[in-house]
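J.: My questions will all concern the structure given below.
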Amino acid sequence: MKKSFAILFLTVFMFYAFSNQAVHASEKWKNNRKPVAVFYVPHQDDELLTFGVAILNHIESGYDVHLVLYTDGQASNVIKQMQIEPERFGEIRDKEFKRSAKSLGVHMNNLHFIDLPDGKVTTEDMREIILTYEQKFPGALHRGFSYYDLHNDHRVAGEALNELYNEGEISKDTRLYINYGYYTTQGTEDPMSDRFRKKLLNASKAYKVNNPRFGFHAIGWKSAKPLFLNLEKNPKSVYHSPNYMEE
């Protein structure tokens, strides 16, 4: 009888000890989890040209950075030069995007692909996407393009972010970035550090590689060469806050 009682006591003790250990482990994981910053990227190369300096700042500040590439990137004029199927063209662009993101220090598990038709994204599409990631990462910081941008796929992200900000659905620290090289809209620059320069140059190289044998066609370089050249000399990320009005 005593032996049975001892075995029962030991079993109960081990159960509670293991349960408490599991609870403490879970709490420890929650406490150690990094804050999340989500960047909404319309096309392959925007993560570097417009967001590059900002992404490096957020990573250095301790954020777990996620990139949401929300179009398939198949409407680029470069596709006419290559005479290639749109789906294959999009795959090649994604390959460049992944190499660039890796050079910036973004984990491959933090890359998300939505594949909406390039040039046809709506504000409603973006609201749904943003709310999905807000639910996935409650309290995350949200970063997108300005609602003053002339490109539809850029502008709708800013419109959606501004609406959701005003509705109280997302963080008060929401930033809307101005398309690189098009600074008619005034904004605030993310700090640029010399520590970032090597990573930015390596990310730029991801869009320059032209080796069709291995599936690289330098699509980004062919599409926006002047912007890449300027980025390598003068990298910057410039943003404005929600509800900003141009003078």
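Residues in the structure tokens are numbered from 1 in each chain, the chains being A, B, ... in the order shown, and ligands are numbered from 1 in the order shown.
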Which neighbours of A:Glu246 fall inside 12 Å, counting only C-alpha atoms, when residues of the same chain fewer than 3 positions from it are skipped, and could you give them as number ranges by chain?
T.: A: 146-148, 183-187, 240-243
J.: Here is a test: counting only C-alpha atoms, which residue of A:Gly158, A:Gly52, A:Gly119, A:Gly215 is nearest to A:Gly144?
T.: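 Using only C-alpha atoms, A:Gly144 sits closest to A:Gly158.
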J.: Atom CA of A:Arg195 and atom CA of A:Phe216, how far apart in Å?
T.: 27.8 Å
J.: Go through stretch 125-170 of chain A and flag each residue having an atom no more than 12 Å from stretch 71-78 of chain A; for those, report the closest pair of atoms plus their distance in Å to one decimal, using only C-alpha atoms, ordered by chain and rising number, as CSV.
T.:
residue,atom,partner,partner_atom,distance
A:Asp125,CA,A:Thr71,CA,10.9
A:Met126,CA,A:Thr71,CA,10.8
A:Ile129,CA,A:Thr71,CA,11.7
A:Asn152,CA,A:Thr71,CA,11.6
A:Asp153,CA,A:Thr71,CA,8.1
A:His154,CA,A:Thr71,CA,10.4
A:Ala157,CA,A:Thr71,CA,11.6
J.: Would you mind exporting N, CA and C atoms of the selected residues as a PDB file, in the first residue's frame?
T.:
ATOM      1  N   ASP A 125      -7.990  45.219 -51.083  1.00  0.00           N
ATOM      2  CA  ASP A 125      -7.012  44.120 -51.031  1.00  0.00           C
ATOM      3  C   ASP A 125      -6.006  44.371 -49.912  1.00  0.00           C
ATOM      4  N   MET A 126      -5.511  45.592 -49.853  1.00  0.00           N
ATOM      5  CA  MET A 126      -4.472  45.918 -48.883  1.00  0.00           C
ATOM      6  C   MET A 126      -5.018  45.952 -47.457  1.00  0.00           C
ATOM      7  N   ILE A 129      -5.030  42.375 -46.368  1.00  0.00           N
ATOM      8  CA  ILE A 129      -3.668  41.877 -46.126  1.00  0.00           C
ATOM      9  C   ILE A 129      -3.120  42.425 -44.807  1.00  0.00           C
ATOM     10  N   ASN A 152      -0.208  52.994 -58.703  1.00  0.00           N
ATOM     11  CA  ASN A 152      -1.379  52.422 -58.043  1.00  0.00           C
ATOM     12  C   ASN A 152      -1.004  51.435 -56.948  1.00  0.00           C
ATOM     13  N   ASP A 153      -0.139  50.467 -57.262  1.00  0.00           N
ATOM     14  CA  ASP A 153       0.167  49.410 -56.296  1.00  0.00           C
ATOM     15  C   ASP A 153       0.902  49.939 -55.069  1.00  0.00           C
ATOM     16  N   HIS A 154       1.575  51.074 -55.210  1.00  0.00           N
ATOM     17  CA  HIS A 154       2.218  51.717 -54.068  1.00  0.00           C
ATOM     18  C   HIS A 154       1.169  52.481 -53.249  1.00  0.00           C
ATOM     19  N   ALA A 157      -1.513  50.857 -50.724  1.00  0.00           N
ATOM     20  CA  ALA A 157      -1.019  50.421 -49.412  1.00  0.00           C
ATOM     21  C   ALA A 157      -1.088  51.580 -48.428  1.00  0.00           C
TER      22      ALA A 157
END
J.: In Å, rounded to a single decimal, give me how far atom CA of A:Leu164 is from atom CA of A:Val53.
T.: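 Taking atom CA of A:Val53 and atom CA of A:Leu164, their separation equals 25.0 Å.
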J.: Figure out the distance between atom CA of A:Glu60 and atom CA of A:Arg127, please, to one decimal in Å.
T.: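 Atom-to-atom, atom CA of A:Arg127 and atom CA of A:Glu60 are spaced 28.3 Å apart.
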J.: Residues of stretch 62-208 of chain A classed as strand (DSSP E) by DSSP on the backbone are to be reported as a PyMOL selection string.
T.: chain A and resi 64-71+111-116+141-145+175-177+188-189
J.: Hey, which bits of stretch 138-236 of chain A sit within 9 Å of stretch 46-49 of chain A, and for each residue what's the closest pair of atoms and how far apart in Å (one decimal), counting only C-alpha atoms, rows by chain and increasing number, as a Markdown table?
T.:
| residue | atom | partner | partner_atom | distance |
| --- | --- | --- | --- | --- |
| A:Asn179 | CA | A:Leu49 | CA | 8.0 |
| A:Tyr180 | CA | A:Leu49 | CA | 5.8 |
| A:Gly181 | CA | A:Leu49 | CA | 8.7 |
| A:Leu200 | CA | A:Leu48 | CA | 7.5 |
| A:Ala203 | CA | A:Leu48 | CA | 7.1 |
| A:Ser204 | CA | A:Leu48 | CA | 7.4 |
| A:Leu227 | CA | A:Leu49 | CA | 7.3 |
| A:Phe228 | CA | A:Leu49 | CA | 7.1 |
| A:Leu231 | CA | A:Leu49 | CA | 6.7 |
| A:Pro235 | CA | A:Leu49 | CA | 7.9 |
| A:Lys236 | CA | A:Leu49 | CA | 8.2 |
J.: Convert the current residue selection to file output with C-alpha atoms, as a PDB file, in the first residue's frame.
T.:
ATOM      1  CA  ASN A 179       9.091  56.172 -53.355  1.00  0.00           C
ATOM      2  CA  TYR A 180      12.886  56.366 -53.710  1.00  0.00           C
ATOM      3  CA  GLY A 181      13.970  59.207 -55.966  1.00  0.00           C
ATOM      4  CA  LEU A 200      22.971  47.800 -49.161  1.00  0.00           C
ATOM      5  CA  ALA A 203      21.537  43.757 -51.826  1.00  0.00           C
ATOM      6  CA  SER A 204      21.960  45.923 -54.926  1.00  0.00           C
ATOM      7  CA  LEU A 227      17.716  54.339 -59.220  1.00  0.00           C
ATOM      8  CA  PHE A 228      20.169  51.580 -58.287  1.00  0.00           C
ATOM      9  CA  LEU A 231      21.006  54.293 -54.245  1.00  0.00           C
ATOM     10  CA  PRO A 235      20.898  55.496 -49.924  1.00  0.00           C
ATOM     11  CA  LYS A 236      17.928  56.798 -47.978  1.00  0.00           C
TER      12      LYS A 236
END
J.: Do you know which residues are at most 6 Å from stretch 99-115 of chain A counting only C-alpha atoms, after dropping those on the same chain fewer than 6 positions away, and could you put them as a list in words?
T.: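 My reading of the contact set: His66, Leu67, Val68, Leu69, Tyr70, Thr71, Asp72, Lys199, Asn202, Ala203 and Ala206 of chain A.
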J.: List the neighbours of A:Val38 out to 12 Å using only C-alpha atoms; skip same-chain residues closer than 5 positions along the sequence, and give me the result as an NGL selection string.
T.: :A and (47 or 51 or 54-55 or 58-59 or 63-69 or 106 or 110-112 or 129-134 or 136-144 or 161 or 170-171 or 173-175)
J.: Identify, on the basis of only C-alpha atoms, every residue whose closest approach to A:Gly220 does not exceed 8 Å; exclude the query and any residue fewer than 5 positions from it along the same chain; express the result as a list in words.
T.: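 Everything that qualifies: Gln44, Asp45, Arg93, Glu96, Tyr207, Lys208 and Lys225 of chain A.
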J.: If we count only C-alpha atoms, what is near A:Ile92 at a cut-off of 9 Å, once residues fewer than 2 positions away on the same chain are taken out, given as a ChimeraX atom specification?
T.: /A:87-90,94-97,215-217,219
J.: Return the single residue from A:Leu229, A:Glu85, A:Lys222, A:Glu169 that is closest to A:Asn210, with distances computed using only C-alpha atoms.
T.: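 Answer, going by the shortest atom-to-atom distance: A:Lys222.
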J.: Taking the DSSP secondary structure from the backbone, can you list the residues of stretch 13-217 of chain A that are alpha helix (DSSP H), as a ChimeraX atom specification?
T.: /A:13-32,46-49,52-60,78-82,86-104,123-136,152-166,194-205
J.: Given the choices A:His151, A:Lys233, A:Lys80, A:Lys205, which gets closest to A:His43 if the distance is worked out from only C-alpha atoms?
T.: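 Answer, going by the shortest atom-to-atom distance: A:His151.
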